[in-house]
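For reference, run_9.txt is printed below; it contains compact mmCIF, C-alpha atoms.
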```
# COMPACT_ATOMS: atom_id res chain seq x y z
CA MET Q 8 35.62 -29.58 -42.35
CA ALA Q 9 31.91 -29.35 -43.05
CA ARG Q 10 31.20 -30.57 -39.53
CA LEU Q 11 33.59 -27.96 -38.10
CA SER Q 12 31.90 -25.26 -40.17
CA LEU Q 13 28.45 -26.28 -38.94
CA THR Q 14 29.65 -26.48 -35.35
CA LEU Q 15 31.14 -23.00 -35.64
CA SER Q 16 27.95 -21.61 -37.12
CA ILE Q 17 25.94 -23.16 -34.31
CA LEU Q 18 28.32 -21.73 -31.68
CA LEU Q 19 28.18 -18.30 -33.33
CA SER Q 20 24.42 -18.44 -33.44
CA TRP Q 21 24.24 -18.85 -29.69
CA ALA Q 22 26.45 -15.81 -29.30
CA MET Q 23 24.45 -13.73 -31.76
CA PRO Q 24 22.19 -11.14 -30.18
CA ALA Q 25 19.66 -11.20 -33.07
CA ARG Q 26 17.00 -13.79 -32.49
CA ALA Q 27 14.13 -12.04 -34.21
CA HIS Q 28 11.62 -14.32 -35.86
CA HIS Q 29 10.62 -11.78 -38.47
CA SER Q 30 12.37 -9.13 -40.52
CA PHE Q 31 13.73 -6.14 -38.63
CA ALA Q 32 14.94 -4.59 -41.87
CA MET Q 33 13.08 -1.35 -41.15
CA PHE Q 34 15.61 -0.74 -38.38
CA ASP Q 35 19.14 0.24 -39.37
CA ARG Q 36 21.36 -2.12 -37.43
CA ASP Q 37 24.45 -0.81 -39.20
CA HIS Q 38 24.04 2.67 -37.74
CA LYS Q 39 23.01 2.28 -34.13
CA ILE Q 40 22.56 5.35 -31.95
CA GLU Q 41 22.57 5.81 -28.20
CA LEU Q 42 19.59 7.20 -26.34
CA GLU Q 43 19.26 8.15 -22.69
CA GLY Q 44 15.95 9.05 -21.18
CA THR Q 45 13.06 8.23 -18.91
CA VAL Q 46 10.88 5.17 -19.34
CA ARG Q 47 7.32 6.30 -19.88
CA GLN Q 48 5.95 2.85 -20.50
CA TYR Q 49 7.32 -0.68 -20.56
CA ARG Q 50 5.02 -3.16 -22.28
CA TYR Q 51 6.04 -6.78 -21.89
CA THR Q 52 3.80 -7.90 -24.70
CA SER Q 53 3.74 -10.24 -27.66
CA PRO Q 54 5.09 -10.49 -30.24
CA HIS Q 55 7.77 -8.12 -28.90
CA PRO Q 56 8.10 -5.95 -25.80
CA PHE Q 57 8.22 -2.17 -26.07
CA ILE Q 58 9.99 0.58 -24.21
CA VAL Q 59 8.42 4.00 -24.66
CA LEU Q 60 11.26 6.37 -23.85
CA GLU Q 61 11.12 10.13 -23.36
CA VAL Q 62 14.35 11.75 -24.43
CA GLU Q 63 15.28 15.36 -23.80
CA LYS Q 64 17.09 16.98 -26.69
CA LYS Q 65 19.84 19.55 -26.37
CA ASP Q 66 17.40 22.37 -27.11
CA GLY Q 67 15.19 21.28 -24.23
CA SER Q 68 12.45 19.78 -26.38
CA ARG Q 69 11.36 16.23 -25.76
CA VAL Q 70 10.92 13.33 -28.16
CA VAL Q 71 9.08 10.16 -27.28
CA TRP Q 72 10.54 7.06 -28.91
CA ASN Q 73 8.69 3.81 -29.50
CA LEU Q 74 11.32 1.11 -29.13
CA GLU Q 75 10.66 -2.51 -30.01
CA GLY Q 76 12.59 -5.37 -28.45
CA ASN Q 77 14.32 -7.64 -30.91
CA ASP Q 78 13.39 -10.72 -28.86
CA SER Q 79 9.98 -12.06 -28.04
CA PRO Q 80 9.03 -12.01 -24.36
CA THR Q 81 9.01 -15.81 -24.42
CA VAL Q 82 12.66 -15.70 -25.40
CA LEU Q 83 13.51 -12.88 -22.99
CA VAL Q 84 11.90 -14.57 -20.01
CA ARG Q 85 14.27 -17.48 -20.45
CA ARG Q 86 17.11 -14.98 -20.12
CA GLY Q 87 15.90 -13.45 -16.88
CA TRP Q 88 13.70 -10.62 -18.12
CA SER Q 89 10.15 -10.17 -16.92
CA ARG Q 90 7.26 -7.74 -16.98
CA THR Q 91 8.77 -5.96 -13.96
CA THR Q 92 12.30 -5.54 -15.29
CA LEU Q 93 11.61 -1.88 -16.06
CA LYS Q 94 9.04 0.54 -14.71
CA PRO Q 95 7.87 4.03 -15.61
CA GLY Q 96 10.27 6.62 -14.30
CA ASP Q 97 13.39 4.48 -14.69
CA ARG Q 98 16.29 6.31 -16.25
CA ILE Q 99 17.97 4.12 -18.83
CA ARG Q 100 20.60 4.33 -21.52
CA LEU Q 101 20.47 2.06 -24.53
CA ARG Q 102 21.78 1.58 -28.04
CA ILE Q 103 19.10 1.22 -30.65
CA ALA Q 104 18.81 0.49 -34.35
CA PRO Q 105 16.72 3.47 -35.51
CA LEU Q 106 14.01 3.42 -38.14
CA ARG Q 107 15.57 4.02 -41.54
CA SER Q 108 13.07 6.84 -42.11
CA GLY Q 109 14.44 8.89 -39.22
CA ALA Q 110 11.13 8.80 -37.33
CA PRO Q 111 11.35 8.22 -33.55
CA GLY Q 112 11.18 4.45 -33.54
CA GLY Q 113 13.77 1.78 -33.18
CA ALA Q 114 14.75 -1.67 -32.03
CA TRP Q 115 16.86 -2.86 -29.14
CA VAL Q 116 18.50 -6.03 -27.94
CA PRO Q 117 18.61 -6.71 -24.19
CA GLU Q 118 22.40 -6.69 -24.11
CA ASP Q 119 22.31 -2.98 -25.03
CA VAL Q 120 19.99 -1.78 -22.25
CA ARG Q 121 21.42 -0.43 -19.01
CA PHE Q 122 20.30 1.89 -16.27
CA SER Q 123 21.70 5.41 -16.56
CA ASP Q 124 24.16 4.76 -13.76
CA GLY Q 125 25.67 2.00 -15.89
CA SER Q 126 24.27 -0.92 -13.94
CA PRO Q 127 22.70 -3.77 -15.93
CA VAL Q 128 18.92 -4.11 -15.91
CA VAL Q 129 19.32 -7.87 -15.54
CA SER Q 130 22.19 -10.25 -15.09
CA PHE Q 131 22.03 -12.30 -18.24
CA LYS Q 132 21.58 -16.01 -18.04
CA MET P 20 -3.49 -23.12 -28.19
CA ARG P 21 -1.06 -25.55 -26.67
CA TRP P 22 -2.89 -25.64 -23.35
CA ALA P 23 -6.23 -26.26 -24.98
CA LEU P 24 -4.88 -29.18 -26.93
CA LEU P 25 -3.26 -30.79 -23.90
CA ALA P 26 -6.48 -30.34 -21.93
CA LEU P 27 -8.33 -31.97 -24.78
CA LEU P 28 -5.98 -34.91 -24.61
CA GLY P 29 -6.79 -35.30 -20.93
CA LEU P 30 -3.33 -34.61 -19.63
CA SER P 31 -3.20 -33.33 -16.07
CA SER P 32 -1.33 -30.24 -15.00
CA ALA P 33 1.34 -32.52 -13.58
CA SER P 34 2.00 -33.84 -17.04
CA TRP P 35 2.60 -30.52 -18.81
CA ALA P 36 6.05 -31.85 -19.41
CA SER P 37 5.55 -34.47 -22.10
CA PRO P 38 6.85 -37.65 -20.48
CA PRO P 39 9.34 -39.94 -22.17
CA PRO P 40 7.82 -43.11 -23.61
CA ALA P 41 7.27 -45.96 -21.19
CA ALA P 42 9.87 -48.71 -20.97
CA GLY P 43 9.34 -51.13 -23.81
CA SER P 44 7.66 -48.53 -25.98
CA LYS P 45 8.33 -48.86 -29.66
CA TYR P 46 8.53 -45.09 -30.11
CA PRO P 47 11.71 -43.00 -29.79
CA ASP P 48 12.06 -40.54 -26.93
CA PHE P 49 11.05 -37.23 -28.48
CA SER P 50 9.93 -35.84 -25.10
CA GLY P 51 10.95 -32.47 -23.71
CA GLN P 52 11.30 -29.05 -25.24
CA TRP P 53 13.13 -28.69 -28.53
CA ILE P 54 14.83 -25.40 -29.39
CA LEU P 55 16.29 -24.72 -32.80
CA GLN P 56 20.03 -24.44 -33.00
CA GLY P 57 20.59 -21.37 -35.15
CA PRO P 58 21.55 -19.44 -37.09
CA TYR P 59 18.03 -18.42 -38.11
CA VAL P 60 18.52 -18.83 -41.81
CA TRP P 61 16.88 -21.62 -43.76
CA ASP P 62 20.03 -23.63 -44.46
CA PRO P 63 22.08 -23.36 -41.26
CA SER P 64 25.20 -24.57 -43.04
CA LYS P 65 25.32 -21.56 -45.37
CA PRO P 66 25.61 -17.76 -44.98
CA LYS P 67 22.51 -15.58 -45.00
CA GLU P 68 20.55 -14.16 -47.92
CA LEU P 69 22.14 -14.80 -51.35
CA GLY P 70 24.73 -16.92 -49.58
CA GLN P 71 22.00 -19.49 -49.03
CA GLN P 72 22.35 -20.41 -52.72
CA VAL P 73 18.69 -21.25 -53.07
CA PRO P 74 18.12 -23.36 -56.22
CA TYR P 75 15.58 -20.88 -57.55
CA THR P 76 14.21 -20.64 -61.05
CA PRO P 77 15.30 -17.37 -62.72
CA GLU P 78 11.83 -15.94 -62.08
CA TYR P 79 11.90 -16.62 -58.35
CA GLN P 80 15.53 -15.59 -58.00
CA LYS P 81 14.31 -12.16 -59.07
CA VAL P 82 11.44 -12.29 -56.58
CA PHE P 83 13.92 -13.11 -53.82
CA GLU P 84 16.34 -10.38 -54.86
CA ALA P 85 13.51 -7.86 -54.97
CA SER P 86 12.61 -8.80 -51.40
CA LEU P 87 16.19 -8.29 -50.27
CA ALA P 88 16.35 -4.93 -52.09
CA ASP P 89 13.13 -3.76 -50.45
CA GLN P 90 14.37 -4.79 -47.01
CA ALA P 91 17.64 -2.93 -47.59
CA GLU P 92 15.56 0.24 -47.87
CA GLY P 93 13.50 -0.53 -44.78
CA GLY P 94 10.61 -2.44 -46.33
CA THR P 95 9.49 -5.88 -45.32
CA GLY P 96 9.95 -7.60 -48.68
CA ASN P 97 8.15 -10.93 -48.74
CA ASP P 98 8.19 -11.35 -44.96
CA TYR P 99 4.48 -11.14 -44.21
CA HIS P 100 4.95 -12.46 -40.69
CA VAL P 101 5.96 -8.90 -39.79
CA PHE P 102 2.20 -8.30 -39.98
CA CYS P 103 1.38 -11.56 -38.19
CA VAL P 104 0.53 -13.65 -41.23
CA PRO P 105 1.29 -17.16 -39.90
CA PHE P 106 4.69 -18.66 -40.59
CA GLY P 107 3.19 -21.80 -42.09
CA MET P 108 5.33 -24.61 -43.39
CA PRO P 109 8.21 -24.92 -43.72
CA ARG P 110 9.18 -21.68 -41.96
CA MET P 111 7.61 -22.65 -38.65
CA MET P 112 10.35 -25.26 -38.28
CA GLY P 113 12.97 -22.51 -38.31
CA THR P 114 11.98 -20.06 -35.59
CA PRO P 115 13.45 -19.39 -32.11
CA PHE P 116 10.30 -20.69 -30.42
CA PRO P 117 10.34 -24.08 -28.66
CA MET P 118 8.53 -27.12 -29.97
CA GLU P 119 7.04 -30.15 -28.29
CA PHE P 120 6.04 -33.58 -29.61
CA VAL P 121 2.98 -35.41 -28.36
CA VAL P 122 3.25 -38.92 -29.77
CA LEU P 123 0.08 -40.96 -29.91
CA PRO P 124 -0.43 -44.26 -31.72
CA GLU P 125 -2.46 -42.83 -34.56
CA ARG P 126 -1.12 -39.30 -34.76
CA THR P 127 1.66 -37.08 -33.55
CA TYR P 128 1.13 -33.45 -32.58
CA LEU P 129 3.85 -30.86 -32.91
CA LEU P 130 3.08 -27.99 -30.57
CA PHE P 131 4.59 -24.52 -30.77
CA GLU P 132 4.49 -21.44 -28.58
CA ASP P 133 3.68 -19.15 -31.46
CA ALA P 134 1.73 -21.14 -34.02
CA MET P 135 -1.16 -23.50 -34.45
CA PRO P 136 -0.21 -27.16 -33.90
CA ARG P 137 0.81 -29.49 -36.66
CA ARG P 138 -1.13 -32.76 -36.76
CA VAL P 139 0.70 -35.64 -38.36
CA TYR P 140 -1.59 -38.59 -39.00
CA THR P 141 0.18 -41.93 -38.69
CA ASP P 142 -2.85 -44.21 -38.92
CA GLY P 143 -2.24 -45.23 -42.50
CA ARG P 144 -4.63 -42.79 -44.11
CA GLY P 145 -3.73 -40.99 -47.31
CA PHE P 146 -4.25 -37.38 -48.29
CA PRO P 147 -7.89 -36.52 -48.82
CA ALA P 148 -8.97 -35.88 -52.39
CA ALA P 149 -9.87 -32.30 -51.48
CA MET P 150 -7.92 -30.40 -48.86
CA GLU P 151 -8.85 -27.02 -47.50
CA PRO P 152 -5.62 -25.02 -47.95
CA ALA P 153 -3.78 -24.26 -44.72
CA PHE P 154 -0.59 -22.42 -43.80
CA ASN P 155 0.62 -25.50 -41.93
CA GLY P 156 -0.66 -27.80 -44.68
CA HIS P 157 -1.91 -31.33 -44.08
CA SER P 158 0.57 -33.90 -42.84
CA ILE P 159 0.66 -37.67 -43.25
CA GLY P 160 3.41 -39.59 -41.48
CA SER P 161 4.79 -43.01 -40.77
CA TRP P 162 7.14 -44.42 -38.17
CA VAL P 163 10.16 -46.28 -39.47
CA ASP P 164 12.43 -48.86 -37.86
CA ARG P 165 15.60 -48.13 -39.79
CA ASP P 166 17.97 -50.43 -37.95
CA GLY P 167 15.57 -53.34 -37.54
CA ASP P 168 15.80 -53.52 -33.76
CA GLY P 169 12.05 -53.66 -33.32
CA ARG P 170 11.75 -50.01 -32.27
CA PHE P 171 10.89 -47.01 -34.39
CA ASP P 172 13.68 -44.50 -34.77
CA GLU P 173 12.39 -42.12 -37.40
CA LEU P 174 9.20 -40.22 -38.15
CA ARG P 175 8.71 -39.53 -41.84
CA VAL P 176 6.22 -36.85 -42.78
CA GLU P 177 4.88 -35.53 -46.03
CA THR P 178 2.93 -32.27 -46.05
CA ARG P 179 0.76 -30.82 -48.79
CA GLY P 180 -2.30 -28.62 -49.19
CA PHE P 181 -1.00 -25.11 -48.53
CA LYS P 182 -2.09 -21.55 -48.73
CA GLY P 183 0.14 -18.52 -48.74
CA PRO P 184 1.94 -16.26 -48.90
CA ARG P 185 4.73 -18.22 -47.28
CA ALA P 186 8.48 -17.71 -47.13
CA PHE P 187 11.33 -19.87 -45.89
CA GLU P 188 12.65 -17.22 -43.52
CA ALA P 189 12.64 -13.56 -42.51
CA SER P 190 14.58 -12.43 -45.58
CA GLY P 191 11.42 -13.06 -47.56
CA MET P 192 12.87 -16.04 -49.42
CA PRO P 193 9.67 -16.98 -51.27
CA LEU P 194 7.84 -20.17 -52.07
CA HIS P 195 5.82 -20.34 -55.26
CA SER P 196 2.52 -18.48 -55.24
CA ASP P 197 0.72 -21.58 -56.63
CA ASN P 198 1.11 -23.11 -53.14
CA GLU P 199 1.65 -26.56 -54.61
CA THR P 200 4.59 -27.15 -52.30
CA VAL P 201 5.34 -30.69 -51.14
CA ILE P 202 7.46 -30.99 -48.00
CA GLN P 203 9.09 -34.22 -46.89
CA GLU P 204 10.64 -34.52 -43.44
CA ARG P 205 12.66 -37.07 -41.50
CA PHE P 206 12.68 -36.58 -37.73
CA PHE P 207 15.28 -38.59 -35.84
CA LEU P 208 17.53 -38.34 -32.81
CA ASP P 209 21.22 -37.75 -33.35
CA LYS P 210 23.12 -41.02 -33.00
CA LYS P 211 25.86 -39.45 -30.88
CA ASN P 212 23.70 -37.16 -28.78
CA SER P 213 20.11 -38.11 -28.07
CA ASP P 214 19.42 -34.55 -26.87
CA VAL P 215 19.77 -33.36 -30.47
CA LEU P 216 16.87 -33.86 -32.84
CA HIS P 217 17.25 -33.64 -36.59
CA ASP P 218 14.55 -32.55 -38.99
CA GLU P 219 15.84 -33.22 -42.45
CA ILE P 220 13.50 -31.15 -44.56
CA THR P 221 13.15 -31.48 -48.32
CA VAL P 222 11.11 -28.82 -50.07
CA ILE P 223 9.70 -29.50 -53.52
CA ASP P 224 8.27 -26.32 -54.99
CA HIS P 225 7.74 -24.81 -58.41
CA ALA P 226 9.91 -21.85 -57.41
CA LEU P 227 12.86 -24.28 -57.20
CA THR P 228 14.70 -26.09 -59.94
CA ARG P 229 15.20 -29.18 -57.76
CA PRO P 230 14.21 -30.49 -54.33
CA TRP P 231 16.07 -28.55 -51.63
CA THR P 232 17.13 -30.43 -48.51
CA VAL P 233 18.43 -28.91 -45.29
CA ASP P 234 19.17 -30.42 -41.88
CA LYS P 235 17.60 -28.51 -39.00
CA ARG P 236 18.86 -29.39 -35.54
CA TYR P 237 17.09 -28.82 -32.25
CA ARG P 238 18.50 -29.04 -28.75
CA ARG P 239 16.46 -30.72 -26.00
CA ARG P 240 15.72 -28.94 -22.75
CA ARG P 241 14.41 -30.95 -19.83
CA ASP P 242 13.62 -28.05 -17.51
CA GLU P 243 10.56 -27.17 -19.51
CA ARG P 244 8.73 -23.93 -19.16
CA TRP P 245 6.00 -23.28 -21.68
CA LEU P 246 4.74 -19.83 -22.59
CA ASP P 247 2.38 -18.31 -25.10
CA ASP P 248 3.28 -15.89 -27.83
CA ASP P 249 0.41 -14.16 -29.60
CA CYS P 250 1.54 -12.13 -32.57
CA GLU P 251 -1.61 -10.06 -32.67
CA GLN P 252 -1.45 -8.74 -29.11
CA ASP P 253 0.74 -5.68 -29.58
CA ASN P 254 2.21 -5.60 -33.05
CA ALA P 255 3.42 -2.13 -34.06
CA HIS P 256 3.92 -3.05 -37.72
CA VAL P 257 0.99 -2.10 -39.92
CA ARG P 258 0.49 -2.94 -43.57
CA ILE P 259 -1.65 -0.61 -45.66
CA GLY P 260 -1.77 -1.36 -49.36
CA SER P 261 1.73 -2.30 -50.39
CA GLN P 262 3.41 -0.31 -47.65
CA GLY P 263 4.51 -1.20 -44.14
CA TYR P 264 4.44 1.40 -41.38
CA PHE P 265 5.51 1.47 -37.74
CA LEU P 266 3.36 2.84 -34.94
CA SER P 267 4.62 5.72 -32.87
CA ALA P 268 4.43 5.84 -29.10
CA ASP P 269 1.08 7.61 -29.41
CA GLY P 270 -0.29 5.08 -31.89
CA LEU P 271 0.14 7.03 -35.12
CA LEU P 272 1.70 5.79 -38.33
CA MET P 273 5.37 6.47 -38.89
CA PRO P 274 7.30 5.81 -42.10
CA THR P 275 9.87 3.03 -42.12
CA LYS P 276 11.66 4.10 -45.31
CA LYS P 277 13.12 7.43 -46.30
CA GLY P 278 10.65 9.32 -48.50
CA GLN P 279 7.86 6.81 -47.92
CA PRO P 280 4.42 8.15 -48.91
CA PRO P 281 1.60 8.22 -46.35
CA PRO P 282 -1.43 5.98 -46.90
CA ASP P 283 -4.00 7.03 -49.47
CA LEU P 284 -6.83 8.63 -47.48
CA ARG P 285 -9.22 9.32 -50.37
CA TYR P 286 -12.12 7.58 -48.62
CA PHE P 287 -11.85 9.77 -45.53
CA LYS P 288 -13.58 13.13 -45.43
CA GLN P 289 -10.91 15.72 -44.94
CA GLU P 290 -11.08 19.38 -44.06
CA LYS P 291 -10.25 21.60 -47.03
```

I'd like the structure from this file rewritten - as structure tokens, please.
Amino acid sequence: MARLSLTLSILLSWAMPARAHHSFAMFDRDHKIELEGTVRQYRYTSPHPFIVLEVEKKDGSRVVWNLEGNDSPTVLVRRGWSRTTLKPGDRIRLRIAPLRSGAPGGAWVPEDVRFSDGSPVVSFK
Amino acid sequence: MRWALLALLGLSSASWASPPPAAGSKYPDFSGQWILQGPYVWDPSKPKELGQQVPYTPEYQKVFEASLADQAEGGTGNDYHVFCVPFGMPRMMGTPFPMEFVVLPERTYLLFEDAMPRRVYTDGRGFPAAMEPAFNGHSIGSWVDRDGDGRFDELRVETRGFKGPRAFEASGMPLHSDNETVIQERFFLDKKNSDVLHDEITVIDHALTRPWTVDKRYRRRRDERWLDDDCEQDNAHVRIGSQGYFLSADGLLMPTKKGQPPPDLRYFKQEK
């Protein structure tokens, strides 16, 4: 039974999207929100990549979000991502875990990032 | 870091992939790239956070619970790696980053994509009388032939001489602030699947009421691809005083918690 339990936990872990190596507690993963906007900057950097996303609000004003990838680029590259996966000007739609403070920052997992037309940014390995 | 060490050892670019031991070698085949099989909690057989059932003293149980409470509000608790403080031991054995063994007769190196190497001396030396504290500690090891077949099948390692702060994992599960931790490890290949490596880790620490042993398992990959991960390159998490902040897209501080105060700017001249 213990072996089955461990095997299950290992299988679940491979299916889990969260592979962060440090706490992401500042981001509220229980209340994700959806953003759609234009990529201003895509930084494929360590320890985590960033998407700087300009989002137009209903009143016409614009908010620029700083969005941190949950995975390190060394982990993402093994799943098909690269420094050219996104480029400034791309229109994307993604679900993020926002900062608990309400400030325009958040975290994303690659499974939740798509182009605005619904197509995947990469085919996951 | 990894490249520099391999260059130092005189390995050519063709031998980036650590080769298996030669036929007749007395060492086990620890070659390849080892990736932790999650979940990324310290004891993979138990649920996260309080479910880990850490054998803490009452004092350190409170420290752990305070870390969890702070994280629930958006703080970082005792997870100082958010600000790039090194993982150190034992946490570095529980991250998603791959690991490589370089086995030499008198020492074994454990190389990581995101941390300084571990050096395990196997030349029979003991711990020095005075050790400069280190996040990875100082490691002394020995190879063991458990089944008496004339070949080693287990690497035993003891590690001491730490500095901190260190935690077991991202929840901020603390080790004692006296840094007198002793860590004992047994590395061995799984008997049924030689592409699974076990690291049975026992932590002896004054925050614990008894030694705590867990079995970490790593899966071997042969199609190696090694990368570098430098925590300091572009980290948006900033610690000022006791508070953690997150950088905005334009590089300014943003709060992470509701109602979080800004940093104290008393030493900056400000317009009245």

### Task
Quote the spacing between atom CA of Trp88 of chain Q and atom CA of Thr52 of chain Q in Å to one decimal place.
12.2 Å

### Task
Extract, using all atoms listed in the file, all DNA, RNA and protein residues at most 10 Å from Gly160 of chain P, discarding same-chain residues fewer than 2 positions from it, and format them as number ranges by chain.
P: 125-127, 138-145, 158, 162-163, 174-178, 203-205

### Task
Just the residues within 10 Å of Phe34 of chain Q, please, counting all atoms listed in the file, with nothing from its chain fewer than 4 positions along; format it as a ChimeraX atom specification.
/Q:30,38-39,75,103-109,112-115 /P:90-94,275-276

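With atom CA of Pro39 of chain P on one side and atom CA of Thr232 of chain P on the other, the separation reads 29.1 Å.
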
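When atom CA of Phe187 of chain P is paired with atom CA of Trp61 of chain P, their separation reads 6.2 Å.
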
Write out as JSON lines the residues of chain P that have any atom within 6 Å of an atom of chain Q, one row each with the nearest atom pair and its distance in Å to one decimal, counting all atoms listed in the file, sorted by chain and then rising number.
```
{"residue": "P:Gly57", "atom": "CA", "partner": "Q:Ser20", "partner_atom": "CA", "distance": 5.1}
{"residue": "P:Pro58", "atom": "CA", "partner": "Q:Ser20", "partner_atom": "CA", "distance": 4.7}
{"residue": "P:Ser64", "atom": "CA", "partner": "Q:Leu13", "partner_atom": "CA", "distance": 5.5}
{"residue": "P:Gln90", "atom": "CA", "partner": "Q:Ala32", "partner_atom": "CA", "distance": 5.2}
{"residue": "P:Gly93", "atom": "CA", "partner": "Q:Met33", "partner_atom": "CA", "distance": 3.7}
{"residue": "P:Gly94", "atom": "CA", "partner": "Q:Met33", "partner_atom": "CA", "distance": 5.8}
{"residue": "P:Val101", "atom": "CA", "partner": "Q:His29", "partner_atom": "CA", "distance": 5.6}
{"residue": "P:Thr114", "atom": "CA", "partner": "Q:His28", "partner_atom": "CA", "distance": 5.8}
{"residue": "P:Ala189", "atom": "CA", "partner": "Q:His29", "partner_atom": "CA", "distance": 4.9}
{"residue": "P:Asp248", "atom": "CA", "partner": "Q:Ser53", "partner_atom": "CA", "distance": 5.7}
{"residue": "P:Asp249", "atom": "CA", "partner": "Q:Ser53", "partner_atom": "CA", "distance": 5.5}
{"residue": "P:Cys250", "atom": "CA", "partner": "Q:Pro54", "partner_atom": "CA", "distance": 4.6}
{"residue": "P:Gln252", "atom": "CA", "partner": "Q:Ser53", "partner_atom": "CA", "distance": 5.6}
{"residue": "P:Asp253", "atom": "CA", "partner": "Q:Ser53", "partner_atom": "CA", "distance": 5.8}
{"residue": "P:Ser267", "atom": "CA", "partner": "Q:Asn73", "partner_atom": "CA", "distance": 5.6}
{"residue": "P:Ala268", "atom": "CA", "partner": "Q:Asn73", "partner_atom": "CA", "distance": 4.7}
{"residue": "P:Pro274", "atom": "CA", "partner": "Q:Ser108", "partner_atom": "CA", "distance": 5.9}
{"residue": "P:Thr275", "atom": "CA", "partner": "Q:Ser108", "partner_atom": "CA", "distance": 5.0}
{"residue": "P:Lys276", "atom": "CA", "partner": "Q:Ser108", "partner_atom": "CA", "distance": 4.4}
{"residue": "P:Lys277", "atom": "CA", "partner": "Q:Ser108", "partner_atom": "CA", "distance": 4.2}
```

### Query
P:Met112, P:Val215, P:Val222, P:Met273: which is nearest Arg240 of chain P, counting all atoms listed in the file?
P:Val215

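Shortest separation to Glu199 of chain P among P:Leu227, P:Leu216, P:Ala255, P:Leu271 occurs at residue P:Leu227, atoms counted being only C-alpha atoms.
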
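Every protein, DNA or RNA residue with an atom at most 7 Å from Val60 of chain P, where only C-alpha atoms count and chain neighbours fewer than 3 positions away do not, is listed here: Pro63, Lys67 and Glu188 of chain P.
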
### Task
Could you tell me which of P:Asn254, P:Asn155, P:Gln71, P:Gln56 comes closest to Arg238 of chain P if we count all atoms listed in the file?
P:Gln56

### Query
If we count all atoms listed in the file, what is near Asp218 of chain P at a cut-off of 8 Å, once residues fewer than 6 positions away on the same chain are taken out, given as number ranges by chain?
P: 204-207, 234-236

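Between Gly87 of chain Q and the residues Q:Ser130, Q:Ser68, Q:Ser123, Q:Thr45, the shortest atom-to-atom distance, using all atoms listed in the file, involves Q:Ser130.
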
### Message
When you count only C-alpha atoms, which of these residues is closest to Phe83 of chain P: P:Pro230, P:Pro117, P:Gly278, P:Pro193?
### Response
P:Pro193

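For the set Q:Val128, Q:Glu118, Q:Val46, Q:Glu63, the residue with the smallest atom-to-atom gap to Gly96 of chain Q is Q:Val46, counting all atoms listed in the file.
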